[in-house]
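Undergrad: Take this structure, written in structure tokens, and hold onto it; I'll ask about it next.
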There are 2 protein chains.
Amino acid sequence: MDKGSKVPLYLQLMEALIKQIGDERYHEHEKLPSERELCEIHDLSRITVRQALQELEREGYIYKLHGKGTFVAPKSFNQKLVKLYSFTEEMKKADKVPTTKVLSFNELAIDERLAMKMGLEPLEHVYKVIRLRLANHEPLMYETSYLPKKMFPHLTATDLVERPMYDVFQQDYQIGVTKAIERFSAASIRAEEAAYLNMNEEQPAMLIKRYAYFREQLIEYTISVARGDKFNYTVELT
Amino acid sequence: MDKGSKVPLYLQLMEALIKQIGDERYHEHEKLPSERELCEIHDLSRITVRQALQELEREGYIYKLHGKGTFVAPKSFNQKLVKLYSFTEEMKKADKVPTTKVLSFNELAIDERLAMKMGLEPLEHVYKVIRLRLANHEPLMYETSYLPKKMFPHLTATDLVERPMYDVFQQDYQIGVTKAIERFSAASIRAEEAAYLNMNEEQPAMLIKRYAYFREQLIEYTISVARGDKFNYTVELT
């Protein structure tokens, strides 16, 4: 650290740590030295170290686990919101191997609230599918989908274990998504989801509600819980 | 509650509470009965009440404050990500009175990291402006903006207190935003921001980074911290 420089010390520390992460001096999920150790190593005050770590956390380079310390965050995915995308395709583009675990698959009569959301009649049958989406075996999203049975009358859990959902729609039913509306919000994570996503309940999640259509027909309503530290979403406005 | 109904009890309770909130039986920010009281009032198990409250929280009808209870959330704003928007205009559309507090206004020589982000030379001068955005006196966003001085050579804090920023750009400099790129992520909130936004540090926030351009020139880089329970963002994909 150059204490005579015009560059604030916390920024110098940030840059040093970012460089070390970039050089793989520290690897993904590796524990960083504690605040106290960083003070000693770099001869800095606690407040300077804390500010650097706060900024690094916000910028997604590191994450904190309560009582455990500070760790190097894996690189996050930036999803461009321009055209329709699928988890499978996006992970392949990022050179990751996408996999899916079907956690549950049920047929049920839809309740009034959901029927209203989906434009269905109350008590119509839907499949409720809960899936965990992974990239290189790392869990990234916890997804709950509701699919109208009338659109996919013979759908089974096996179909969704073996093939991406949209491939099943296309190959078995000649149904493709022509339009999707997605709604993004920041949310706390529930204990069950946190466990599946290897998250701490303190970490924020991105909640994405997707309404997917085939022409004017709703064919999918999915609530995705995405790790907040792994995903960001970009849109261009003119 | 109708225990003979096919509709699960937690959904019946949700619907009852949503109706009461809609009817203004409970007002915005009013405390709801405790879990235990709800159990007694409706003769339901703790687990049922807890599930209903969890769903209501996730859907944005209520919020919890640790150790204080459950409260009715104010209605959230849904921002459509189609074309350029401004806080001022959006709040007016929602029949709210937008106001802005300028918390700080500084001129500074930009550091290397920010220069890279903004496509400026290191040590070029920028204004760093921190503003609190309110609607009907309720704080909703905490925004830190960096504006290149060369684009707005005579900008003052007073300008930004008196007029919306984009009006100042247009009226005083004949500069309008022609394109903006926005990046959304879910983030934890910092103590200082939480205090300004009347939030609890446990509540998640939406972090929005806006890069605004006039033709090909970056004129604004803004980091907005928005209350997670107050905003959601919708995009249509085809």
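For the structure tokens, the naming scheme is as follows: chains receive sequential letters (A, B, ...) according to their order of presentation, residues are indexed from 1 within each chain, and ligands are indexed from 1 in presentation order.
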DSSP on the backbone, then: every residue of region 62-210 of chain B marked helix (DSSP H, G or I), written as an NGL selection string.

TA: :B and (87-93 or 112-118 or 157-162 or 165-173 or 191-196)

Undergrad: Within 8 Å of chain A, which residues of chain B are there when counting only C-alpha atoms? Please give them as JSON, numbers by chain.

TA: {"B": [7, 58, 81, 82, 83, 84, 111, 178, 179, 180, 181, 182, 183, 184, 185, 186, 187, 188, 202, 203, 204, 205, 206, 228, 229, 231, 232, 233, 234, 235, 236, 237, 238]}

Undergrad: Print the selection's residues with C-alpha atoms to a file, as a CSV table (one decimal), in the first residue's frame.

TA:
```
chain,number,residue,atom,x,y,z
B,7,VAL,CA,-58.5,-25.5,-0.7
B,58,ARG,CA,-42.8,-13.5,-0.6
B,81,LEU,CA,-38.2,-2.3,-18.6
B,82,VAL,CA,-39.2,-1.3,-22.0
B,83,LYS,CA,-38.0,2.2,-22.6
B,84,LEU,CA,-36.0,4.9,-20.6
B,111,ASP,CA,-9.9,6.7,-9.3
B,178,THR,CA,-30.4,8.5,-25.5
B,179,LYS,CA,-29.6,5.1,-24.2
B,180,ALA,CA,-29.1,3.5,-20.8
B,181,ILE,CA,-27.8,0.1,-19.8
B,182,GLU,CA,-29.1,-1.2,-16.4
B,183,ARG,CA,-27.7,-4.1,-14.5
B,184,PHE,CA,-29.9,-5.6,-11.7
B,185,SER,CA,-28.8,-7.7,-8.8
B,186,ALA,CA,-30.0,-8.6,-5.4
B,187,ALA,CA,-27.9,-7.3,-2.5
B,188,SER,CA,-27.7,-6.9,1.2
B,202,GLU,CA,-32.0,-8.1,7.1
B,203,GLN,CA,-34.2,-6.9,4.3
B,204,PRO,CA,-32.9,-7.4,0.8
B,205,ALA,CA,-32.4,-4.6,-1.7
B,206,MET,CA,-32.3,-4.4,-5.4
B,228,GLY,CA,-36.6,-4.9,-2.2
B,229,ASP,CA,-40.1,-4.9,-1.0
B,231,PHE,CA,-39.9,-2.5,-6.4
B,232,ASN,CA,-40.1,-5.2,-9.0
B,233,TYR,CA,-39.1,-5.0,-12.6
B,234,THR,CA,-40.8,-6.6,-15.6
B,235,VAL,CA,-39.4,-7.4,-18.9
B,236,GLU,CA,-41.0,-9.0,-22.0
B,237,LEU,CA,-38.9,-11.4,-24.0
B,238,THR,CA,-39.6,-12.8,-27.5
```

Undergrad: Tell me, as a ChimeraX atom specification, which residues lie within 9 Å of Asn200 (chain B), counting only C-alpha atoms; anything in the same chain fewer than 5 positions away does not count.

TA: /B:65-66,189,191,194-195

Undergrad: Please list as number ranges by chain every residue within 8 Å of Tyr61 (chain B), counting only C-alpha atoms and excluding residues in the same chain fewer than 5 positions away.

TA: B: 18, 56, 72-75

Undergrad: Any idea what's packed within 12 Å of Leu120 (chain A), counting only C-alpha atoms, ignoring anything in its chain fewer than 4 positions away? Could you give it as a short mmCIF file (atom, residue, chain, number, x, y, z; two decimals) with C-alpha atoms, in the first residue's frame?

TA:
```
data_model
loop_
_atom_site.label_atom_id
_atom_site.label_comp_id
_atom_site.auth_asym_id
_atom_site.auth_seq_id
_atom_site.Cartn_x
_atom_site.Cartn_y
_atom_site.Cartn_z
CA ALA A 109 -56.03 -29.28 -8.96
CA ILE A 110 -55.10 -25.64 -9.10
CA ASP A 111 -56.31 -23.28 -6.39
CA GLU A 112 -58.13 -20.04 -7.03
CA ARG A 113 -55.18 -17.70 -6.57
CA LEU A 114 -52.96 -19.58 -8.96
CA ALA A 115 -55.81 -20.07 -11.44
CA MET A 116 -56.23 -16.30 -11.54
CA GLU A 124 -58.02 -27.34 -13.55
CA HIS A 125 -55.14 -29.78 -13.33
CA VAL A 126 -51.55 -28.62 -13.45
CA TYR A 146 -46.71 -24.87 -12.82
CA LEU A 147 -47.64 -26.38 -16.20
CA PRO A 148 -51.24 -26.81 -17.41
CA LYS A 149 -51.92 -30.53 -17.87
CA LYS A 150 -54.12 -29.92 -20.90
CA MET A 151 -51.07 -28.62 -22.80
CA GLN A 217 -51.72 -19.49 -24.34
CA LEU A 218 -49.91 -19.56 -21.00
CA ILE A 219 -47.91 -22.79 -20.92
CA GLU A 220 -45.63 -22.23 -17.93
CA TYR A 221 -45.54 -20.23 -14.72
#
```

Undergrad: From the options B:Phe71, B:Ile41, B:Phe77, B:Glu162, which residue's atoms come nearest to Thr100 (chain B), counting only C-alpha atoms?

TA: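 For Thr100 (chain B), the nearest of the given residues is B:Glu162.
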
Undergrad: Measuring atom to atom with only C-alpha atoms, identify which of B:Pro122, B:Arg133, B:Phe214, B:Leu140 is nearest to Gln170 (chain B).

TA: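 Checking each candidate against Gln170 (chain B), we get B:Phe214 as the closest.
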